[in-house]
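Enquirer: Got query.tsv for you, TSV, C-alpha atoms:
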chain	number	residue	atom	x	y	z
A	1	MET	CA	66.95	67.53	30.14
A	2	ARG	CA	70.23	65.71	30.41
A	3	LEU	CA	70.28	66.35	34.17
A	4	LYS	CA	66.76	64.97	34.47
A	5	LEU	CA	67.75	61.85	32.53
A	6	THR	CA	70.78	61.40	34.72
A	7	ARG	CA	68.64	61.64	37.83
A	8	LEU	CA	66.17	59.15	36.43
A	9	LEU	CA	68.96	56.78	35.54
A	10	PHE	CA	70.46	57.15	38.99
A	11	ALA	CA	67.11	56.47	40.63
A	12	ALA	CA	66.63	53.40	38.47
A	13	LEU	CA	70.09	52.03	39.21
A	14	LEU	CA	70.13	52.74	42.92
A	15	PRO	CA	68.37	49.49	43.90
A	16	LEU	CA	70.92	47.57	41.81
A	17	VAL	CA	73.84	49.14	43.63
A	18	PHE	CA	72.35	48.85	47.12
A	19	PRO	CA	69.98	45.91	46.77
A	20	PHE	CA	69.81	45.05	50.45
A	21	ALA	CA	70.61	48.38	52.06
A	22	LEU	CA	66.95	49.36	52.00
A	23	LEU	CA	65.71	45.97	53.14
A	24	ALA	CA	67.75	45.30	56.25
A	25	GLN	CA	65.22	46.87	58.57
A	26	ASN	CA	63.85	45.06	61.56
A	27	PHE	CA	60.98	46.07	63.76
A	28	ALA	CA	60.38	45.30	67.41
A	29	TYR	CA	56.75	44.63	68.39
A	30	VAL	CA	56.09	45.54	72.02
A	31	THR	CA	52.86	44.72	73.87
A	32	ASN	CA	51.29	47.44	76.04
A	33	PRO	CA	48.81	45.73	78.41
A	34	GLY	CA	47.81	49.02	80.01
A	35	SER	CA	46.77	50.70	76.79
A	36	ASN	CA	45.57	47.63	74.83
A	37	SER	CA	47.98	48.29	72.00
A	38	ILE	CA	51.23	47.30	70.31
A	39	SER	CA	54.10	49.72	69.78
A	40	VAL	CA	56.18	49.08	66.67
A	41	ILE	CA	59.81	50.21	67.00
A	42	ASN	CA	62.09	50.63	63.99
A	43	THR	CA	65.30	49.02	65.25
A	44	SER	CA	67.46	51.14	62.92
A	45	THR	CA	66.26	54.44	64.35
A	46	ASN	CA	64.90	53.17	67.68
A	47	THR	CA	61.76	55.23	67.33
A	48	VAL	CA	58.12	54.17	67.60
A	49	VAL	CA	56.78	54.13	64.04
A	50	ALA	CA	53.29	52.74	64.66
A	51	THR	CA	50.79	52.00	67.42
A	52	VAL	CA	48.31	49.20	66.73
A	53	PRO	CA	45.12	48.83	68.84
A	54	VAL	CA	44.50	45.19	69.82
A	55	GLY	CA	42.40	43.39	72.47
A	56	SER	CA	42.43	43.70	76.25
A	57	ALA	CA	45.73	43.39	78.19
A	58	PRO	CA	48.05	42.12	75.43
A	59	THR	CA	51.07	40.25	76.86
A	60	GLY	CA	52.71	37.83	74.44
A	61	VAL	CA	53.76	38.43	70.86
A	62	ALA	CA	55.34	36.15	68.24
A	63	ILE	CA	56.26	36.87	64.65
A	64	THR	CA	56.09	34.43	61.73
A	65	PRO	CA	59.44	33.36	60.20
A	66	ASP	CA	58.64	35.29	57.00
A	67	GLY	CA	58.01	38.43	59.05
A	68	THR	CA	54.57	39.12	57.59
A	69	ARG	CA	52.39	38.49	60.65
A	70	ALA	CA	52.56	39.17	64.39
A	71	TYR	CA	50.40	37.08	66.74
A	72	VAL	CA	49.43	38.90	69.93
A	73	THR	CA	47.78	37.27	72.97
A	74	ASN	CA	45.07	39.41	74.53
A	75	SER	CA	45.09	38.04	78.08
A	76	GLY	CA	42.00	40.00	79.11
A	77	SER	CA	39.75	39.11	76.22
A	78	GLY	CA	40.57	35.47	75.42
A	79	THR	CA	41.63	36.26	71.87
A	80	VAL	CA	44.67	36.51	69.62
A	81	SER	CA	45.08	39.50	67.31
A	82	VAL	CA	46.83	38.81	64.01
A	83	ILE	CA	48.69	41.86	62.70
A	84	ASN	CA	49.79	42.34	59.10
A	85	THR	CA	53.29	43.74	59.65
A	86	SER	CA	53.43	45.59	56.33
A	87	GLY	CA	50.45	47.81	57.08
A	88	ASN	CA	50.41	47.28	60.87
A	89	THR	CA	46.68	46.55	60.91
A	90	VAL	CA	44.78	43.73	62.60
A	91	VAL	CA	43.69	41.29	59.88
A	92	ALA	CA	42.11	38.62	62.12
A	93	THR	CA	41.01	38.04	65.70
A	94	VAL	CA	41.05	34.41	66.85
A	95	THR	CA	39.08	33.26	69.92
A	96	VAL	CA	41.22	30.97	72.09
A	97	GLY	CA	40.96	30.00	75.79
A	98	SER	CA	40.80	32.07	78.95
A	99	GLY	CA	43.88	34.15	79.75
A	100	PRO	CA	46.01	33.68	76.64
A	101	PHE	CA	49.49	34.71	77.69
A	102	GLY	CA	52.41	33.36	75.65
A	103	ALA	CA	52.76	32.65	71.94
A	104	ALA	CA	55.24	30.91	69.64
A	105	ILE	CA	55.23	30.11	65.94
A	106	THR	CA	56.50	26.87	64.42
A	107	PRO	CA	59.69	27.24	62.33
A	108	ASP	CA	57.74	26.47	59.14
A	109	GLY	CA	55.28	29.26	60.00
A	110	THR	CA	52.17	27.08	59.69
A	111	ARG	CA	51.09	26.98	63.35
A	112	ALA	CA	50.91	29.38	66.29
A	113	TYR	CA	50.93	27.91	69.82
A	114	VAL	CA	49.16	29.95	72.49
A	115	THR	CA	49.13	29.25	76.25
A	116	ASN	CA	45.87	29.88	78.12
A	117	TYR	CA	46.67	30.18	81.81
A	118	GLY	CA	43.03	30.69	82.82
A	119	SER	CA	41.70	27.55	81.21
A	120	GLY	CA	44.81	25.36	81.58
A	121	THR	CA	45.06	24.69	77.86
A	122	ILE	CA	47.08	25.52	74.79
A	123	SER	CA	45.46	26.52	71.51
A	124	VAL	CA	47.08	25.63	68.19
A	125	ILE	CA	46.21	28.08	65.41
A	126	ASN	CA	46.53	27.34	61.68
A	127	THR	CA	48.22	30.54	60.46
A	128	SER	CA	46.88	30.32	56.90
A	129	THR	CA	43.23	30.16	57.96
A	130	ASN	CA	43.65	31.75	61.43
A	131	THR	CA	41.44	29.13	63.02
A	132	VAL	CA	42.08	26.95	66.08
A	133	VAL	CA	42.92	23.44	64.85
A	134	ALA	CA	43.70	21.89	68.26
A	135	ALA	CA	43.08	22.67	71.91
A	136	VAL	CA	45.19	20.65	74.33
A	137	GLY	CA	44.04	20.33	77.96
A	138	LEU	CA	47.03	20.48	80.31
A	139	GLY	CA	45.65	21.67	83.64
A	140	GLY	CA	47.82	23.84	85.88
A	141	THR	CA	48.90	27.23	84.59
A	142	PRO	CA	50.36	27.11	81.07
A	143	TYR	CA	52.38	30.28	80.91
A	144	ASN	CA	54.89	30.53	78.10
A	145	VAL	CA	55.80	28.40	75.14
A	146	ALA	CA	58.81	27.82	72.88
A	147	ILE	CA	59.14	25.49	69.92
A	148	ALA	CA	62.22	23.45	68.99
A	149	PRO	CA	64.04	24.62	65.83
A	150	ASP	CA	63.11	21.38	64.03
A	151	GLY	CA	59.42	21.94	64.89
A	152	THR	CA	58.92	18.55	66.55
A	153	ARG	CA	58.46	19.67	70.17
A	154	ALA	CA	56.75	22.50	72.03
A	155	TYR	CA	57.94	23.36	75.56
A	156	VAL	CA	55.31	24.90	77.84
A	157	THR	CA	56.00	26.21	81.34
A	158	ASN	CA	53.57	25.42	84.17
A	159	PHE	CA	53.81	28.43	86.49
A	160	SER	CA	51.79	26.91	89.33
A	161	SER	CA	53.76	23.66	89.64
A	162	GLY	CA	57.26	24.62	88.52
A	163	THR	CA	57.40	22.16	85.63
A	164	VAL	CA	57.67	22.11	81.87
A	165	TRP	CA	55.44	20.11	79.57
A	166	VAL	CA	57.14	18.63	76.52
A	167	ILE	CA	54.59	18.35	73.74
A	168	ASP	CA	54.86	16.37	70.51
A	169	ALA	CA	53.93	18.98	67.90
A	170	SER	CA	52.65	16.49	65.34
A	171	SER	CA	50.13	14.76	67.63
A	172	ASN	CA	49.84	17.66	70.15
A	173	THR	CA	50.14	15.26	73.07
A	174	VAL	CA	52.28	15.53	76.20
A	175	VAL	CA	55.32	13.26	75.94
A	176	GLY	CA	57.18	14.45	79.04
A	177	VAL	CA	57.07	16.60	82.18
A	178	VAL	CA	60.30	18.11	83.54
A	179	ALA	CA	60.56	19.57	87.06
A	180	VAL	CA	62.47	22.88	87.06
A	181	GLY	CA	61.86	25.39	89.87
A	182	LYS	CA	59.12	27.33	91.61
A	183	TYR	CA	57.22	29.79	89.38
A	184	ALA	CA	58.44	28.41	86.05
A	185	GLU	CA	57.82	31.19	83.63
A	186	ALA	CA	59.81	31.78	80.46
A	187	VAL	CA	61.39	29.26	78.13
A	188	ALA	CA	63.77	29.52	75.19
A	189	ILE	CA	65.40	26.83	73.04
A	190	ALA	CA	69.01	26.93	71.87
A	191	PRO	CA	69.28	27.42	68.07
A	192	ASP	CA	70.81	23.94	67.72
A	193	GLY	CA	67.85	22.44	69.60
A	194	THR	CA	69.92	20.60	72.20
A	195	ARG	CA	68.97	22.64	75.26
A	196	ALA	CA	65.91	24.38	76.70
A	197	TYR	CA	66.45	27.26	79.14
A	198	VAL	CA	63.68	27.80	81.68
A	199	THR	CA	63.46	30.67	84.16
A	200	SER	CA	61.98	30.25	87.62
A	201	LEU	CA	62.45	31.81	91.04
A	202	LYS	CA	66.09	32.96	91.26
A	203	GLN	CA	67.38	30.43	88.75
A	204	VAL	CA	67.57	29.21	85.19
A	205	SER	CA	67.25	25.47	84.54
A	206	VAL	CA	69.01	24.01	81.53
A	207	ILE	CA	67.18	20.99	80.10
A	208	ALA	CA	69.01	18.50	77.87
A	209	ASN	CA	66.35	17.91	75.25
A	210	SER	CA	67.63	14.46	74.25
A	211	THR	CA	67.07	13.05	77.73
A	212	GLY	CA	64.45	15.47	79.08
A	213	THR	CA	66.45	16.00	82.26
A	214	VAL	CA	67.87	19.14	83.89
A	215	ASP	CA	71.65	19.03	83.48
A	216	ALA	CA	72.51	22.46	84.91
A	217	THR	CA	70.98	25.13	87.12
A	218	VAL	CA	72.23	28.72	86.94
A	219	PRO	CA	71.51	30.91	89.98
A	220	VAL	CA	70.60	34.50	89.14
A	221	GLY	CA	70.39	37.45	91.49
A	222	MET	CA	67.06	39.08	92.08
A	223	ASN	CA	64.66	40.01	94.87
A	224	PRO	CA	61.89	37.59	95.76
A	225	SER	CA	58.44	38.92	95.10
A	226	ALA	CA	54.98	37.87	94.16
A	227	TRP	CA	55.99	37.88	90.50
A	228	PRO	CA	59.58	36.88	90.69
A	229	SER	CA	60.55	35.07	87.55
A	230	PRO	CA	63.33	36.22	85.33
A	231	ARG	CA	62.75	35.86	81.62
A	232	THR	CA	64.96	34.52	78.94
A	233	GLU	CA	65.90	34.80	75.31
A	234	LEU	CA	68.81	33.18	73.55
A	235	ALA	CA	71.06	35.17	71.26
A	236	ARG	CA	71.25	33.70	67.79
A	237	THR	CA	74.85	33.90	66.73
B	1	MET	CA	67.62	37.23	80.78
B	2	THR	CA	65.66	39.92	82.61
B	3	ASN	CA	65.51	40.12	86.39
B	4	LEU	CA	62.22	41.65	87.39
B	5	HIS	CA	62.52	43.96	90.43
B	6	SER	CA	66.29	44.25	90.21
B	7	LYS	CA	66.75	46.62	87.24
B	8	SER	CA	69.18	44.28	85.56
B	9	VAL	CA	69.63	41.85	82.70
B	10	SER	CA	71.81	38.77	83.24
B	11	VAL	CA	73.85	37.51	80.32
B	12	ILE	CA	74.50	33.77	80.59
B	13	ASP	CA	77.38	32.04	78.85
B	14	THR	CA	75.59	28.98	77.50
B	15	ALA	CA	78.86	27.03	77.15
B	16	SER	CA	79.70	27.23	80.85
B	17	ASN	CA	76.17	28.02	82.14
B	18	THR	CA	77.46	30.89	84.27
B	19	VAL	CA	76.42	34.52	84.43
B	20	ALA	CA	78.88	36.36	82.16
B	21	ALA	CA	77.57	39.91	82.67
B	22	GLU	CA	74.93	42.00	84.41
B	23	VAL	CA	73.52	44.97	82.49
B	24	THR	CA	71.73	47.70	84.41
B	25	VAL	CA	68.52	48.82	82.71
B	26	GLU	CA	65.35	50.59	83.87
B	27	SER	CA	62.70	49.59	86.41
B	28	ASP	CA	61.20	46.09	86.22
B	29	PRO	CA	62.73	44.58	83.09
B	30	LEU	CA	60.36	41.92	81.82
B	31	GLY	CA	60.52	40.88	78.18
B	32	VAL	CA	63.58	40.49	76.00
B	33	ALA	CA	64.17	39.84	72.30
B	34	ILE	CA	67.36	39.65	70.27
B	35	THR	CA	67.78	41.04	66.74
B	36	PRO	CA	68.38	38.41	64.02
B	37	ASP	CA	72.02	39.46	63.64
B	38	GLY	CA	72.55	39.03	67.39
B	39	THR	CA	73.99	42.53	67.93
B	40	ARG	CA	71.15	44.07	69.92
B	41	ALA	CA	68.82	43.02	72.75
B	42	TYR	CA	65.51	44.84	73.29
B	43	VAL	CA	64.29	44.78	76.89
B	44	THR	CA	60.87	45.95	78.06
B	45	ASN	CA	60.92	47.86	81.37
B	46	LYS	CA	57.46	47.48	82.87
B	47	SER	CA	57.67	50.24	85.48
B	48	ALA	CA	59.66	52.72	83.40
B	49	ASP	CA	57.33	52.82	80.36
B	50	ALA	CA	60.34	52.24	78.12
B	51	VAL	CA	62.40	49.78	76.11
B	52	SER	CA	66.17	49.51	76.68
B	53	VAL	CA	68.37	48.70	73.68
B	54	ILE	CA	71.50	46.73	74.66
B	55	ASP	CA	74.64	46.35	72.54
B	56	THR	CA	75.34	42.62	72.97
B	57	SER	CA	79.05	42.96	72.15
B	58	THR	CA	79.72	45.41	74.99
B	59	ASN	CA	76.67	44.58	77.16
B	60	THR	CA	75.87	48.25	77.63
B	61	VAL	CA	72.64	50.17	77.06
B	62	LEU	CA	72.83	52.10	73.79
B	63	THR	CA	69.56	53.95	74.08
B	64	THR	CA	66.18	53.91	75.79
B	65	VAL	CA	62.97	54.19	73.76
B	66	PRO	CA	60.13	55.88	75.67
B	67	LEU	CA	56.60	54.47	75.36
B	68	GLY	CA	53.24	55.80	76.46
B	69	GLY	CA	52.64	53.12	79.08
B	70	PRO	CA	54.06	49.97	80.70
B	71	PRO	CA	55.28	47.45	78.11
B	72	TRP	CA	55.24	43.67	78.54
B	73	GLY	CA	56.38	41.33	75.75
B	74	VAL	CA	58.55	42.00	72.74
B	75	ALA	CA	59.34	40.21	69.46
B	76	ILE	CA	61.51	41.27	66.53
B	77	THR	CA	60.83	40.68	62.85
B	78	PRO	CA	63.26	38.43	60.97
B	79	PRO	CA	65.30	39.90	58.09
B	80	VAL	CA	62.99	40.00	55.10
B	81	ARG	CA	64.72	40.00	51.73
B	82	GLN	CA	62.37	41.31	49.12
B	83	HIS	CA	63.33	39.92	45.75
B	84	GLY	CA	63.33	41.83	42.49
B	85	ALA	CA	65.99	44.39	43.25
B	86	LEU	CA	68.65	42.41	41.42
Take the structure in the file and write it out as structure tokens.

Expert:
Amino acid sequence: MRLKLTRLLFAALLPLVFPFALLAQNFAYVTNPGSNSISVINTSTNTVVATVPVGSAPTGVAITPDGTRAYVTNSGSGTVSVINTSGNTVVATVTVGSGPFGAAITPDGTRAYVTNYGSGTISVINTSTNTVVAAVGLGGTPYNVAIAPDGTRAYVTNFSSGTVWVIDASSNTVVGVVAVGKYAEAVAIAPDGTRAYVTSLKQVSVIANSTGTVDATVPVGMNPSAWPSPRTELART
Amino acid sequence: MTNLHSKSVSVIDTASNTVAAEVTVESDPLGVAITPDGTRAYVTNKSADAVSVIDTSTNTVLTTVPLGGPPWGVAITPPVRQHGAL
């Protein structure tokens, strides 16, 4: 009896002693366009812990700042699947444009920006209702999107013209176009918001966000091909 | 940054805007995401049906996670602190 009580007491006190030890888990959500699914990897054990069926040819994925939802672009079906990350089930499917490819969530978690390369638009989704609240016609080939840490600007690459659209996130209008390099593909913003890094054929362009001009170009080694762009992500340190 | 078709990931020093390291991964690296604490990079390898996990302090591959098919994009959940434990 005493042993049982001790065990119970220990079990009850364990969360007090290690309050965050059990909570420091992160999960990587990986899109599988060939199998129309998402693999969820536990980054502590580096094993696949769940496979979530989504729409056709999923490519992009973005996770809300509170970690509760993953937004997945289904490039083959013109939709976005919204996954509840606690149960790893699809809780909503949002119809967007043709060829949704990239996705980003605003820092406050209220909006998801989706690029539609087939229709030359971006769709802005209200994440509380999971409805499209704005569709912005851009033309060209909107490919990937990143949002400034202060939430005021969205940066969208135009793959077909080698440029970046700078979009005011409050009015969802284009306020600038920056020439980078051929096949502009991925974009990431520095955590302090001062620079945008854009990958294109054999190079990375560094945009000074205050002036909207390219202030450095970094050559990177790779073989030319039909799909040549490197991709980018900034470490948050 | 991943270099599709060259089996490598370039690490750029953002202070000097130069390539600080090249990490060899699997075939056709495509997507990349960094853990919130900055210690790991997860890279999707489109033609190897796998994800490479890079230690960002040493810029070496720690492990490779096999998948059932070719992966594309990747995103990592932020640290979620559930309240009530204390």

Enquirer: Please compute the atom CA of A:Arg153-atom CA of B:Pro71 distance, one decimal, in Å.

Expert: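 Separation of atom CA of A:Arg153 and atom CA of B:Pro71: 29.1 Å.
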
Enquirer: So, counting only C-alpha atoms, which residue among A:Thr85, A:Thr194, A:Thr68, A:Asn158 is closest to A:Ala179?

Expert: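 Counting only C-alpha atoms, the residue closest to A:Ala179 is A:Asn158.
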
Enquirer: Here is a test: counting only C-alpha atoms, which residue of A:Asn209, A:Thr131, A:Thr152, A:Thr217 is nearest to chain B?

Expert: A:Thr217

Enquirer: Using only C-alpha atoms, which chain B residues lie at most 8 Å away from chain A, written as a PyMOL selection string?

Expert: chain B and resi 1-6+10+17-19+30-38+42+44+63+65+67+69-82+85-86

Enquirer: Which distance in Å separates atom CA of B:Ser52 and atom CA of A:Val187, to one decimal?

Expert: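 Atom CA of B:Ser52 sits 20.9 Å away from atom CA of A:Val187.
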
Enquirer: Report, in Å to a single decimal, how far apart atom CA of A:Val96 and atom CA of A:Phe159 are.

Expert: 19.3 Å

Enquirer: What's around A:Gly97 at 7 Å? Count all atoms listed in the file, leave out sequence neighbours fewer than 4 positions away in its own chain, and write the answer as a PyMOL selection string.

Expert: chain A and resi 78+116+119

Enquirer: Using all atoms listed in the file, which of B:Thr64, B:Ser57, B:Thr39, B:Ser47 sits nearest B:Lys7?

Expert: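 The shortest atom-to-atom distance to B:Lys7 comes from B:Ser47.
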
Enquirer: Within 8 Å of B:Ala48, counting only C-alpha atoms, which residues qualify if same-chain residues fewer than 5 places away don't, as a list in words?

Expert: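 My reading of the contact set: Glu26, Ser27, Asp28 and Pro70 of chain B.
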
Enquirer: Find the residues near A:Thr173: any atom within 12 Å, counting all atoms listed in the file, skip ones fewer than 6 places away on the same chain, and give them as a list in words.

Expert: Thr121, Ile122, Val124, Ala134, Ala135, Val136, Gly137, Leu138, Thr152, Arg153, Ala154, Tyr155, Val156, Trp165, Val166 and Ile167 of chain A
